[in-house]
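Have a look at data.txt; it's compact mmCIF, C-alpha atoms (C1' of nucleotides):
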```txt
# COMPACT_ATOMS: atom_id res chain seq x y z
CA MET J 1 161.08 91.62 201.82
CA ALA J 2 160.69 93.55 205.06
CA ARG J 3 162.10 97.03 204.85
CA THR J 4 164.81 98.31 207.16
CA ALA J 5 163.43 99.39 210.49
CA GLY J 6 162.99 103.15 210.45
CA SER J 7 162.48 103.32 206.73
CA HIS J 8 159.65 105.64 205.92
CA SER J 9 159.15 104.73 202.31
CA ASP J 10 155.92 102.94 203.09
CA ILE J 11 154.33 106.10 204.39
CA THR J 12 156.14 108.95 202.68
CA GLY J 13 155.45 107.60 199.21
CA PRO J 14 151.65 107.72 199.55
CA ARG J 15 151.88 111.08 201.27
CA VAL J 16 153.68 112.50 198.23
CA LEU J 17 150.86 111.35 195.97
CA ASP J 18 148.26 112.66 198.39
CA ALA J 19 149.87 116.08 198.53
CA ALA J 20 150.19 116.20 194.75
CA LEU J 21 146.53 115.23 194.43
CA ARG J 22 145.32 118.04 196.65
CA LEU J 23 147.61 120.68 195.19
CA PHE J 24 147.05 119.73 191.54
CA ALA J 25 143.29 119.77 192.10
CA ARG J 26 143.39 123.15 193.78
CA HIS J 27 145.90 125.05 191.67
CA GLY J 28 146.47 122.99 188.55
CA TYR J 29 149.43 120.83 187.56
CA ALA J 30 151.42 123.54 185.81
CA ALA J 31 150.96 126.02 188.65
CA VAL J 32 152.23 123.67 191.37
CA SER J 33 155.96 123.33 191.99
CA MET J 34 157.83 120.37 193.40
CA ARG J 35 158.85 122.66 196.25
CA GLN J 36 155.20 123.20 197.18
CA ILE J 37 154.56 119.47 197.19
CA ALA J 38 157.66 118.90 199.34
CA LYS J 39 156.53 121.55 201.80
CA GLU J 40 153.11 119.91 202.09
CA VAL J 41 154.74 116.55 202.79
CA GLY J 42 157.27 118.04 205.17
CA VAL J 43 160.49 117.21 203.32
CA GLN J 44 162.91 119.05 201.07
CA ALA J 45 162.30 119.08 197.33
CA GLY J 46 165.16 116.73 196.52
CA ALA J 47 163.70 113.99 198.71
CA LEU J 48 160.63 113.71 196.48
CA TYR J 49 162.76 112.08 193.83
CA ASN J 50 163.08 108.99 196.01
CA TYR J 51 159.41 108.36 195.26
CA THR J 52 158.87 109.60 191.75
CA PRO J 53 161.20 109.90 188.77
CA ASP J 54 159.69 113.27 187.86
CA LYS J 55 156.69 115.56 188.16
CA GLN J 56 154.95 114.14 185.11
CA SER J 57 154.88 110.69 186.73
CA LEU J 58 153.03 112.10 189.73
CA LEU J 59 150.26 113.34 187.45
CA PHE J 60 150.15 110.16 185.40
CA ASP J 61 150.11 107.88 188.44
CA LEU J 62 147.25 109.86 189.99
CA MET J 63 145.17 109.71 186.83
CA LYS J 64 145.90 106.07 186.14
CA ARG J 65 145.08 105.04 189.69
CA HIS J 66 141.81 106.96 189.49
CA MET J 67 140.70 105.43 186.20
CA GLU J 68 141.65 101.89 187.18
CA ASP J 69 139.86 102.20 190.49
CA LEU J 70 136.79 103.58 188.75
CA LEU J 71 136.76 100.64 186.34
CA ALA J 72 137.31 98.12 189.13
CA GLU J 73 134.44 99.52 191.20
CA ARG J 74 132.19 99.63 188.17
CA ALA J 75 133.02 96.00 187.35
CA LYS J 76 131.51 94.91 190.66
CA HIS J 77 128.09 96.15 189.49
CA ARG J 78 128.10 94.88 185.93
CA GLY J 79 125.68 92.52 184.32
CA ALA J 80 122.71 92.10 186.61
CA GLY J 81 119.11 92.74 185.61
CA SER J 82 117.29 94.55 182.84
CA ALA J 83 118.75 97.46 180.90
CA LEU J 84 116.64 99.84 182.92
CA GLU J 85 117.92 98.43 186.21
CA GLN J 86 121.48 98.51 184.95
CA LEU J 87 121.14 102.09 183.80
CA GLU J 88 119.82 103.16 187.18
CA ASP J 89 122.68 101.33 188.83
CA PHE J 90 125.23 102.98 186.55
CA THR J 91 123.73 106.43 187.11
CA ARG J 92 123.72 106.17 190.88
CA PHE J 93 127.17 104.59 190.96
CA HIS J 94 128.66 107.28 188.73
CA ILE J 95 127.27 110.14 190.81
CA ARG J 96 128.22 108.61 194.14
CA TYR J 97 131.71 107.70 193.02
CA HIS J 98 132.38 111.11 191.51
CA LEU J 99 131.02 113.04 194.47
CA ASP J 100 133.26 111.02 196.78
CA ARG J 101 136.41 111.84 194.81
CA SER J 102 136.13 115.40 193.67
CA ASP J 103 139.87 115.99 193.60
CA GLU J 104 140.62 112.96 191.44
CA VAL J 105 137.75 113.74 189.08
CA PHE J 106 138.82 117.33 188.71
CA ILE J 107 142.34 116.32 187.77
CA ALA J 108 141.18 113.56 185.44
CA TYR J 109 139.19 116.09 183.40
CA MET J 110 141.35 119.19 183.63
CA GLU J 111 144.89 117.93 183.30
CA LEU J 112 144.68 115.73 180.25
CA ARG J 113 146.58 118.26 178.17
CA ASN J 114 149.49 118.18 180.61
CA LEU J 115 150.12 114.49 180.00
CA THR J 116 152.83 113.43 177.57
CA PRO J 117 151.36 111.93 174.38
CA GLU J 118 152.09 108.35 175.50
CA ASN J 119 150.55 108.88 178.92
CA PHE J 120 147.57 110.64 177.38
CA ALA J 121 146.89 107.69 175.10
CA GLU J 122 146.90 105.29 178.03
CA ILE J 123 144.50 107.38 180.13
CA GLU J 124 142.22 107.95 177.16
CA ALA J 125 141.98 104.21 176.57
CA LEU J 126 140.85 103.67 180.15
CA ARG J 127 138.30 106.45 179.84
CA ARG J 128 137.00 104.87 176.68
CA ASP J 129 136.61 101.56 178.48
CA TYR J 130 134.45 103.27 181.05
CA GLU J 131 132.31 105.01 178.44
CA ASN J 132 131.79 101.65 176.76
CA GLU J 133 130.24 100.32 179.95
CA LEU J 134 127.41 102.82 179.61
CA GLU J 135 127.16 102.43 175.86
CA ALA J 136 126.63 98.69 176.24
CA ILE J 137 123.74 99.29 178.61
CA LEU J 138 122.10 101.78 176.25
CA ARG J 139 122.50 99.39 173.33
CA GLN J 140 120.94 96.55 175.30
CA GLY J 141 118.01 98.78 176.23
CA GLU J 142 117.43 99.69 172.60
CA GLU J 143 117.38 96.02 171.65
CA GLU J 144 114.93 95.34 174.45
CA GLY J 145 112.78 98.13 173.03
CA VAL J 146 112.69 100.02 176.34
CA PHE J 147 115.07 102.77 175.22
CA ALA J 148 114.41 104.90 172.15
CA PRO J 149 116.53 104.11 169.08
CA ALA J 150 119.17 106.81 168.93
CA ASP J 151 122.78 107.62 168.20
CA THR J 152 124.04 105.53 171.08
CA ARG J 153 127.54 106.93 171.14
CA ILE J 154 126.32 110.50 171.46
CA GLU J 155 123.75 109.50 174.01
CA THR J 156 126.58 107.96 176.00
CA MET J 157 128.67 111.11 175.92
CA ALA J 158 125.67 113.28 176.77
CA VAL J 159 124.66 111.21 179.80
CA ILE J 160 128.21 111.05 181.17
CA ALA J 161 128.66 114.80 180.73
CA MET J 162 125.41 115.46 182.52
CA LEU J 163 126.22 113.15 185.43
CA THR J 164 129.80 114.29 185.85
CA GLY J 165 128.54 117.88 185.95
CA VAL J 166 127.32 117.33 189.52
CA THR J 167 130.88 117.77 190.70
CA THR J 168 130.88 121.43 189.61
CA TRP J 169 128.06 122.52 191.91
CA TYR J 170 127.46 119.86 194.59
CA ARG J 171 128.51 120.71 198.13
CA ALA J 172 128.17 118.14 200.90
CA GLU J 173 126.93 120.85 203.28
CA GLY J 174 124.28 122.04 200.78
CA ARG J 175 120.55 121.49 200.88
CA LEU J 176 120.55 118.11 199.08
CA SER J 177 121.94 114.75 200.13
CA ALA J 178 123.86 112.64 197.64
CA GLY J 179 120.94 110.21 197.57
CA GLU J 180 118.48 112.95 196.59
CA VAL J 181 120.82 114.12 193.86
CA GLU J 182 121.03 110.54 192.56
CA ARG J 183 117.25 110.33 192.37
CA ILE J 184 116.87 113.64 190.54
CA TYR J 185 119.50 112.77 187.95
CA TRP J 186 118.16 109.25 187.52
CA ASP J 187 114.76 110.77 186.74
CA MET J 188 116.28 112.88 183.97
CA VAL J 189 118.48 110.14 182.55
CA ARG J 190 115.61 107.67 182.43
CA LYS J 191 113.35 110.08 180.61
CA ALA J 192 116.07 111.27 178.25
CA VAL J 193 116.80 107.81 176.84
CA SER J 194 113.34 106.22 177.07
CA VAL J 195 110.91 105.79 174.17
CA MET L 1 141.34 161.04 167.99
CA ALA L 2 143.06 159.57 164.97
CA ARG L 3 146.17 157.66 165.87
CA THR L 4 149.58 158.56 164.52
CA ALA L 5 150.12 157.16 161.06
CA GLY L 6 152.17 154.02 161.35
CA SER L 7 150.87 153.16 164.77
CA HIS L 8 150.08 149.50 164.97
CA SER L 9 148.17 149.48 168.20
CA ASP L 10 144.90 148.92 166.39
CA ILE L 11 146.09 145.62 165.03
CA THR L 12 148.74 144.43 167.44
CA GLY L 13 146.43 144.68 170.44
CA PRO L 14 143.86 142.21 169.10
CA ARG L 15 146.62 139.96 167.86
CA VAL L 16 147.99 139.71 171.39
CA LEU L 17 144.59 138.58 172.70
CA ASP L 18 144.20 136.17 169.80
CA ALA L 19 147.57 134.60 170.44
CA ALA L 20 146.85 134.33 174.16
CA LEU L 21 143.50 132.71 173.38
CA ARG L 22 145.01 130.01 171.21
CA LEU L 23 147.94 129.29 173.51
CA PHE L 24 145.93 129.30 176.75
CA ALA L 25 143.39 126.93 175.20
CA ARG L 26 146.07 124.58 173.94
CA HIS L 27 148.51 124.50 176.85
CA GLY L 28 146.76 126.14 179.77
CA TYR L 29 147.26 129.57 181.30
CA ALA L 30 149.94 128.58 183.80
CA ALA L 31 151.96 126.69 181.21
CA VAL L 32 152.12 129.56 178.71
CA SER L 33 154.77 132.26 179.09
CA MET L 34 154.64 135.86 177.97
CA ARG L 35 157.63 135.05 175.73
CA GLN L 36 155.60 132.37 173.94
CA ILE L 37 152.76 134.81 173.36
CA ALA L 38 155.20 137.43 172.08
CA LYS L 39 156.75 134.91 169.69
CA GLU L 40 153.31 134.03 168.31
CA VAL L 41 152.54 137.71 167.75
CA GLY L 42 155.95 138.40 166.28
CA VAL L 43 157.25 140.92 168.82
CA GLN L 44 159.56 140.84 171.81
CA ALA L 45 158.15 140.08 175.24
CA GLY L 46 158.51 143.64 176.53
CA ALA L 47 156.27 144.99 173.76
CA LEU L 48 153.29 143.04 175.08
CA TYR L 49 153.08 145.38 178.01
CA ASN L 50 151.95 148.16 175.70
CA TYR L 51 148.69 146.24 175.37
CA THR L 52 148.14 144.59 178.72
CA PRO L 53 149.21 145.55 182.24
CA ASP L 54 150.00 141.91 183.04
CA LYS L 55 149.35 138.28 182.17
CA GLN L 56 146.34 137.97 184.47
CA SER L 57 144.55 140.72 182.55
CA LEU L 58 144.93 138.76 179.33
CA LEU L 59 143.09 135.84 180.87
CA PHE L 60 140.43 137.99 182.49
CA ASP L 61 139.79 140.00 179.33
CA LEU L 62 139.39 136.84 177.27
CA MET L 63 136.93 135.32 179.71
CA LYS L 64 134.97 138.51 180.20
CA ARG L 65 134.70 139.12 176.47
CA HIS L 66 133.49 135.57 175.98
CA MET L 67 130.82 135.70 178.67
CA GLU L 68 129.53 139.12 177.62
CA ASP L 69 129.34 138.09 174.00
CA LEU L 70 127.51 134.89 174.97
CA LEU L 71 124.96 136.89 176.97
CA ALA L 72 124.54 139.46 174.19
CA GLU L 73 123.92 136.77 171.58
CA ARG L 74 121.52 134.97 173.87
CA ALA L 75 119.60 138.19 174.51
CA LYS L 76 118.75 138.40 170.81
CA HIS L 77 116.73 135.18 171.12
CA ARG L 78 114.95 135.81 174.38
CA GLY L 79 111.27 135.93 175.03
CA ALA L 80 109.47 134.61 171.98
CA GLY L 81 107.00 131.74 172.04
CA SER L 82 106.06 128.94 174.39
CA ALA L 83 108.42 127.43 176.93
CA LEU L 84 108.94 124.46 174.66
CA GLU L 85 109.88 126.68 171.73
CA GLN L 86 112.17 128.75 173.91
CA LEU L 87 113.87 125.66 175.28
CA GLU L 88 114.52 124.35 171.79
CA ASP L 89 115.89 127.72 170.81
CA PHE L 90 118.16 127.84 173.85
CA THR L 91 119.39 124.30 173.25
CA ARG L 92 120.26 124.86 169.62
CA PHE L 93 121.80 128.26 170.33
CA HIS L 94 123.97 126.91 173.14
CA ILE L 95 125.32 124.05 171.06
CA ARG L 96 125.96 126.15 167.98
CA TYR L 97 127.61 128.94 169.91
CA HIS L 98 129.83 126.60 171.90
CA LEU L 99 130.89 124.55 168.89
CA ASP L 100 131.87 127.75 167.08
CA ARG L 101 134.13 128.93 169.90
CA SER L 102 135.88 125.89 171.27
CA ASP L 103 138.94 127.82 172.44
CA GLU L 104 136.95 130.40 174.39
CA VAL L 105 134.72 127.74 175.94
CA PHE L 106 137.68 125.63 176.96
CA ILE L 107 139.32 128.56 178.71
CA ALA L 108 136.08 129.70 180.33
CA TYR L 109 135.69 126.31 182.02
CA MET L 110 139.29 125.32 182.71
CA GLU L 111 140.97 128.50 183.84
CA LEU L 112 138.58 129.75 186.50
CA ARG L 113 140.99 128.84 189.25
CA ASN L 114 143.72 130.94 187.70
CA LEU L 115 141.68 134.12 188.09
CA THR L 116 142.30 136.41 191.03
CA PRO L 117 139.41 136.32 193.54
CA GLU L 118 138.00 139.63 192.29
CA ASN L 119 138.14 138.59 188.66
CA PHE L 120 136.68 135.20 189.51
CA ALA L 121 133.68 136.79 191.20
CA GLU L 122 132.98 138.93 188.15
CA ILE L 123 133.13 136.02 185.71
CA GLU L 124 131.03 133.83 187.99
CA ALA L 125 128.34 136.49 188.11
CA LEU L 126 128.16 136.53 184.32
CA ARG L 127 127.98 132.76 184.20
CA ARG L 128 125.18 132.83 186.71
CA ASP L 129 123.29 135.31 184.53
CA TYR L 130 123.51 132.88 181.66
CA GLU L 131 122.35 129.93 183.75
CA ASN L 132 119.39 132.01 184.88
CA GLU L 133 118.30 132.39 181.26
CA LEU L 134 117.74 128.64 181.08
CA GLU L 135 116.28 128.40 184.55
CA ALA L 136 113.62 130.99 183.67
CA ILE L 137 112.56 128.94 180.66
CA LEU L 138 112.30 125.76 182.72
CA ARG L 139 110.27 127.55 185.37
CA GLN L 140 107.90 128.95 182.78
CA GLY L 141 107.43 125.47 181.31
CA GLU L 142 106.60 124.04 184.71
CA GLU L 143 103.98 126.74 185.24
CA GLU L 144 102.54 125.98 181.82
CA GLY L 145 102.35 122.35 182.86
CA VAL L 146 104.39 121.17 179.88
CA PHE L 147 107.55 120.45 181.88
CA ALA L 148 107.57 118.10 184.86
CA PRO L 149 107.76 119.73 188.29
CA ALA L 150 111.34 119.31 189.43
CA ASP L 151 114.28 120.88 191.20
CA THR L 152 114.65 123.57 188.58
CA ARG L 153 118.09 124.71 189.62
CA ILE L 154 119.57 121.23 189.35
CA GLU L 155 117.75 120.63 186.10
CA THR L 156 119.38 123.81 184.81
CA MET L 157 122.87 122.69 185.78
CA ALA L 158 122.29 119.22 184.36
CA VAL L 159 121.09 120.48 180.99
CA ILE L 160 123.93 122.98 180.63
CA ALA L 161 126.52 120.34 181.55
CA MET L 162 125.07 117.95 179.01
CA LEU L 163 125.00 120.53 176.23
CA THR L 164 128.43 121.97 176.91
CA GLY L 165 129.80 118.43 176.82
CA VAL L 166 129.55 118.42 173.03
CA THR L 167 132.74 120.45 172.91
CA THR L 168 134.73 117.53 174.32
CA TRP L 169 134.02 115.14 171.47
CA TYR L 170 132.65 117.08 168.47
CA ARG L 171 134.91 117.43 165.46
CA ALA L 172 133.81 119.46 162.45
CA GLU L 173 135.27 116.84 160.13
CA GLY L 174 133.43 114.01 161.90
CA ARG L 175 130.38 112.08 160.73
CA LEU L 176 127.76 114.50 162.10
CA SER L 177 126.94 118.07 161.14
CA ALA L 178 126.32 120.66 163.83
CA GLY L 179 122.64 120.67 162.85
CA GLU L 180 122.33 116.92 163.40
CA VAL L 181 124.00 117.22 166.76
CA GLU L 182 121.55 119.97 167.72
CA ARG L 183 118.62 117.74 166.84
CA ILE L 184 119.92 114.77 168.81
CA TYR L 185 120.56 116.84 171.92
CA TRP L 186 117.26 118.64 171.62
CA ASP L 187 115.54 115.26 171.59
CA MET L 188 117.22 114.31 174.84
CA VAL L 189 116.68 117.67 176.55
CA ARG L 190 112.99 117.74 175.62
CA LYS L 191 112.38 114.28 176.99
CA ALA L 192 114.47 114.84 180.12
CA VAL L 193 112.41 117.82 181.31
CA SER L 194 108.96 116.88 179.98
CA VAL L 195 106.16 115.39 182.04
C1' DG K 1 166.11 108.42 203.03
C1' DT K 2 166.84 113.01 203.64
C1' DC K 3 169.64 116.81 203.57
C1' DT K 4 172.20 120.97 201.43
C1' DA K 5 174.07 122.82 197.47
C1' DT K 6 174.04 123.47 192.82
C1' DA K 7 173.52 123.16 187.60
C1' DT K 8 170.85 125.04 184.05
C1' DG K 9 167.41 127.53 182.29
C1' DG K 10 162.90 129.76 182.38
C1' DT K 11 159.60 133.39 184.70
C1' DG K 12 156.91 138.11 184.83
C1' DA K 13 157.87 142.55 184.58
C1' DT K 14 160.59 147.00 183.94
C1' DA K 15 164.06 150.68 182.14
C1' DG K 16 165.77 153.31 178.80
C1' DA K 17 167.62 153.70 173.89
C1' DC K 18 165.81 154.46 169.36
C1' DG U 1 155.71 151.15 169.70
C1' DT U 2 159.32 148.11 169.76
C1' DC U 3 163.72 146.92 170.89
C1' DT U 4 167.65 145.10 173.98
C1' DA U 5 169.17 144.36 178.41
C1' DT U 6 168.33 143.37 182.89
C1' DC U 7 166.31 142.52 187.67
C1' DA U 8 164.97 139.35 191.01
C1' DC U 9 163.22 135.18 191.42
C1' DC U 10 161.53 130.37 190.60
C1' DA U 11 161.57 126.02 187.95
C1' DT U 12 163.00 120.78 187.60
C1' DA U 13 166.29 117.78 188.48
C1' DT U 14 170.81 115.96 190.21
C1' DA U 15 175.21 115.20 193.22
C1' DG U 16 177.25 113.98 197.13
C1' DA U 17 177.54 114.41 202.37
C1' DC U 18 175.51 112.26 206.33
```

Entire entry expressed as structure tokens:
Amino acid sequence: MARTAGSHSDITGPRVLDAALRLFARHGYAAVSMRQIAKEVGVQAGALYNYTPDKQSLLFDLMKRHMEDLLAERAKHRGAGSALEQLEDFTRFHIRYHLDRSDEVFIAYMELRNLTPENFAEIEALRRDYENELEAILRQGEEEGVFAPADTRIETMAVIAMLTGVTTWYRAEGRLSAGEVERIYWDMVRKAVSV
Amino acid sequence: MARTAGSHSDITGPRVLDAALRLFARHGYAAVSMRQIAKEVGVQAGALYNYTPDKQSLLFDLMKRHMEDLLAERAKHRGAGSALEQLEDFTRFHIRYHLDRSDEVFIAYMELRNLTPENFAEIEALRRDYENELEAILRQGEEEGVFAPADTRIETMAVIAMLTGVTTWYRAEGRLSAGEVERIYWDMVRKAVSV
DNA sequence: GTCTATATGGTGATAGAC
DNA sequence: GTCTATCACCATATAGAC
């Protein structure tokens, strides 16, 4: 299975995705040309097609990789402790993960309409899986009587929107550390859903 | 000042902006061509340039109109009652206004990076003015002792992100009326910022 | 695996007839 | 005010040499 000596496919492939990630996040999928991506990688445009069948696949692969990684990381935290502990864990995880991957998050939210219908459906299903993680925690908390009875689905969407919003203003060089931001948001989330 | 009889500039001009609004919201600024806009209006592409100097101005005018209208509507509500009453008013206004203008809101959030630097600065300043409306209410509530002392700026961003999030899932034909959504979100906002 | 060259068609914007 | 025609350029994707 070893590749021919001198083959660069092991390194050029990832570099194509990395360049697409940066450029799509900065300028938007529709505004970025394959020639720009090629220039960033350091090859001619035609060479990109050794690594992707087309431009759409670059976008889809980036979004799918992001969502699957998000779900995999979240799965490592699942299922321990009370609803309150789990909600704090989810809140802090969500903020930390999203602050660490601002490019991926930006694309995942902004470029949905540039996916083909089939690709869109697949990404949406993964997003729904992630939302359900939070919804399950809120439901458990309501059953435990520690969270206020509410429209759990809407509560879920509201909390995720609030948390994801950090990516629009947070700057690593700003006055707050990620840990302080986590604490502030956890304070608001806890109060918002409690009895 | 009356225009020549038969002139259509009074109606074609707004129709150009309307078509751009719908198409930009649906497909994104970069993905929409002047020919598509012209087709939607029912003229040839060249005729559009009687109403706009270029494509960028279409985007900027849409965003500026949206932000100025938002600020003007908000100004009608300002300044009456306690901080708690004002916060409820702001919350319900924000949700109602944003649900009524999903296309404008979508563009205002998604197309910032397609503005020229000068245009971006102008829109950002208007957005900041709007955020300051909420921040002033939160500050007043903290002074009154009815809201918990907190990082008011972050609280502001968190609340706006949560409220604006309704536009991503709300459907007029869904199970909830706009009024019910307002009440649910107001419940969460009130608890999140209270002592 | 990467290159150059190319096929095919779309882009924003303008000029000048009517 | 709108049209047709056009300019100069850029798009994605492919073919075939090396």

What are the closest atom pairs, with distances in Å to one decimal, for all residues of chain J lying within 7 Å of chain L? Consider all atoms listed in the file, order rows by chain and residue number, and present the result as a Markdown table.
```
| residue | atom | partner | partner_atom | distance |
| --- | --- | --- | --- | --- |
| J:His27 | CA | L:Arg113 | CA | 6.7 |
| J:Ala30 | CA | L:Ala31 | CA | 5.6 |
| J:Ala31 | CA | L:Ala30 | CA | 5.6 |
| J:Met110 | CA | L:Met110 | CA | 6.5 |
| J:Arg113 | CA | L:His27 | CA | 6.7 |
| J:Ala158 | CA | L:Met162 | CA | 5.2 |
| J:Val159 | CA | L:Met162 | CA | 6.8 |
| J:Ala161 | CA | L:Met162 | CA | 5.1 |
| J:Met162 | CA | L:Met162 | CA | 4.3 |
| J:Gly165 | CA | L:Ala161 | CA | 5.4 |
| J:Met188 | CA | L:Ala192 | CA | 4.7 |
| J:Val189 | CA | L:Ala192 | CA | 6.6 |
| J:Lys191 | CA | L:Ala192 | CA | 4.9 |
| J:Ala192 | CA | L:Ala192 | CA | 4.3 |
| J:Val193 | CA | L:Met188 | CA | 6.8 |
```

Problem - Among listed residues J:Leu58, J:Ile11, J:Leu21, J:Ala45, nearest DA11 of chain U (using all atoms listed in the file) - result: J:Ala45

Exercise for the section: Mind checking which residues fall within 12 Å of Ser57 of chain J, counting all atoms listed in the file, ignoring those fewer than 5 positions away in the same chain, and posting them as a list in words? Expected result: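 Counting all atoms listed in the file, the residues come to Val16, Leu17, Ala20, Tyr29, Leu48, Tyr49, Tyr51, Thr52, Leu62, Met63, Lys64, Arg65, Asn114, Leu115, Thr116, Glu118, Asn119 and Phe120 of chain J.
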
Handout entry: d(atom C1' of DA15 of chain K, atom C1' of DG1 of chain U) in Å
Key =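 Atom-to-atom, atom C1' of DA15 of chain K and atom C1' of DG1 of chain U are spaced 15.0 Å apart.
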
Handout entry: For chain K, the nearest of the candidates J:Gly46, J:Lys39, J:His77, J:Asp10, counting only C-alpha atoms (C1' of nucleotides)
Key =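 Nearest candidate to chain K out of J:Gly46, J:Lys39, J:His77, J:Asp10: J:Gly46.
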
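From atom CA of Phe90 of chain L back to atom CA of Glu135 of chain L, the distance works out to 10.9 Å.
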
Handout entry: Distance-based interface of chain K with chain J, 9 Å, counting all atoms listed in the file, as number ranges by chain
Key = K: 1-3

Find the axis-aligned box for chain K, covering all its listed atoms and adding 5 Å on each side, and write its centre and edge lengths in Å to one decimal as lines of an AutoDock Vina configuration file.
```
center_x = 165.5
center_y = 131.4
center_z = 186.5
size_x = 27.2
size_y = 56.0
size_z = 44.3
```

Handout entry: Interatomic distance (Å, one decimal) between atom CA of Arg183 of chain J and atom CA of Ile95 of chain J
Key =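 Atom CA of Ile95 of chain J lies 10.1 Å from atom CA of Arg183 of chain J.
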
Exercise for the section: Determine, counting all atoms listed in the file, every residue of protein, DNA or RNA that lies within 12 Å of (133.9, 101.7, 190.4) in the file coordinates, then give the result as a VMD selection string. Expected result: chain J and resid 65 to 78 89 to 98 100 to 101 130 133

Given all atoms listed in the file, how would the per-residue table for chain U near chain J read, listing every residue at most 9 Å away with its closest atom pair and distance in Å to one decimal, sorted by chain and number, as a tab-separated table?
```
residue	atom	partner	partner_atom	distance
U:DA11	C1'	J:Ser33	CA	7.4
U:DT12	C1'	J:Met34	CA	7.8
U:DA13	C1'	J:Asp54	CA	8.0
U:DT14	C1'	J:Gly46	CA	8.5
```

Exercise for the section: Starting from the point (120.3, 101.1, 181.0), work out which residues of protein, DNA or RNA have an atom no more than 7 Å away when counting all atoms listed in the file; state them as JSON, numbers by chain. Expected result: {"J": [83, 84, 85, 86, 87, 88, 137, 138, 141]}

Write the residues of the preceding selection, restricted to C-alpha atoms, as a PDB file, in the coordinates of the input.
```
ATOM      1  CA  ALA J  83     118.750  97.460 180.900  1.00  0.00           C
ATOM      2  CA  LEU J  84     116.640  99.840 182.920  1.00  0.00           C
ATOM      3  CA  GLU J  85     117.920  98.430 186.210  1.00  0.00           C
ATOM      4  CA  GLN J  86     121.480  98.510 184.950  1.00  0.00           C
ATOM      5  CA  LEU J  87     121.140 102.090 183.800  1.00  0.00           C
ATOM      6  CA  GLU J  88     119.820 103.160 187.180  1.00  0.00           C
ATOM      7  CA  ILE J 137     123.740  99.290 178.610  1.00  0.00           C
ATOM      8  CA  LEU J 138     122.100 101.780 176.250  1.00  0.00           C
ATOM      9  CA  GLY J 141     118.010  98.780 176.230  1.00  0.00           C
TER      10      GLY J 141
END
```

Exercise for the section: Would you please work out which residue, of L:Pro117, L:Glu104, L:Ser82, L:Glu182, is nearest to Glu142 of chain L when using only C-alpha atoms? Expected result: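 So, comparing all the options, the nearest one is L:Ser82.
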
When you get a chance, write out N, CA, C and O atoms for segment 60-69 of chain L, as a PDB file, in the coordinates of the input.
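Done, and the output landed in out00.pdb:
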```pdb
ATOM      1  N   PHE L  60     141.704 137.393 182.075  1.00  0.00           N
ATOM      2  CA  PHE L  60     140.430 137.990 182.490  1.00  0.00           C
ATOM      3  C   PHE L  60     139.704 138.627 181.302  1.00  0.00           C
ATOM      4  O   PHE L  60     138.491 138.426 181.132  1.00  0.00           O
ATOM      5  N   ASP L  61     140.426 139.355 180.474  1.00  0.00           N
ATOM      6  CA  ASP L  61     139.790 140.000 179.330  1.00  0.00           C
ATOM      7  C   ASP L  61     139.201 138.968 178.369  1.00  0.00           C
ATOM      8  O   ASP L  61     138.105 139.162 177.819  1.00  0.00           O
ATOM      9  N   LEU L  62     139.911 137.889 178.151  1.00  0.00           N
ATOM     10  CA  LEU L  62     139.390 136.840 177.270  1.00  0.00           C
ATOM     11  C   LEU L  62     138.100 136.242 177.828  1.00  0.00           C
ATOM     12  O   LEU L  62     137.122 136.050 177.108  1.00  0.00           O
ATOM     13  N   MET L  63     138.103 135.957 179.121  1.00  0.00           N
ATOM     14  CA  MET L  63     136.930 135.320 179.710  1.00  0.00           C
ATOM     15  C   MET L  63     135.756 136.292 179.782  1.00  0.00           C
ATOM     16  O   MET L  63     134.613 135.908 179.532  1.00  0.00           O
ATOM     17  N   LYS L  64     136.044 137.534 180.104  1.00  0.00           N
ATOM     18  CA  LYS L  64     134.970 138.510 180.200  1.00  0.00           C
ATOM     19  C   LYS L  64     134.339 138.752 178.819  1.00  0.00           C
ATOM     20  O   LYS L  64     133.115 138.793 178.676  1.00  0.00           O
ATOM     21  N   ARG L  65     135.195 138.911 177.829  1.00  0.00           N
ATOM     22  CA  ARG L  65     134.700 139.120 176.470  1.00  0.00           C
ATOM     23  C   ARG L  65     133.812 137.949 176.039  1.00  0.00           C
ATOM     24  O   ARG L  65     132.736 138.135 175.451  1.00  0.00           O
ATOM     25  N   HIS L  66     134.259 136.757 176.351  1.00  0.00           N
ATOM     26  CA  HIS L  66     133.490 135.570 175.980  1.00  0.00           C
ATOM     27  C   HIS L  66     132.125 135.546 176.651  1.00  0.00           C
ATOM     28  O   HIS L  66     131.097 135.339 175.990  1.00  0.00           O
ATOM     29  N   MET L  67     132.092 135.781 177.951  1.00  0.00           N
ATOM     30  CA  MET L  67     130.820 135.700 178.670  1.00  0.00           C
ATOM     31  C   MET L  67     129.868 136.819 178.241  1.00  0.00           C
ATOM     32  O   MET L  67     128.658 136.595 178.095  1.00  0.00           O
ATOM     33  N   GLU L  68     130.395 138.002 178.021  1.00  0.00           N
ATOM     34  CA  GLU L  68     129.530 139.120 177.620  1.00  0.00           C
ATOM     35  C   GLU L  68     128.984 138.910 176.204  1.00  0.00           C
ATOM     36  O   GLU L  68     127.822 139.232 175.928  1.00  0.00           O
ATOM     37  N   ASP L  69     129.814 138.365 175.356  1.00  0.00           N
ATOM     38  CA  ASP L  69     129.340 138.090 174.000  1.00  0.00           C
ATOM     39  C   ASP L  69     128.278 136.995 174.010  1.00  0.00           C
ATOM     40  O   ASP L  69     127.265 137.075 173.304  1.00  0.00           O
TER      41      ASP L  69
END
```
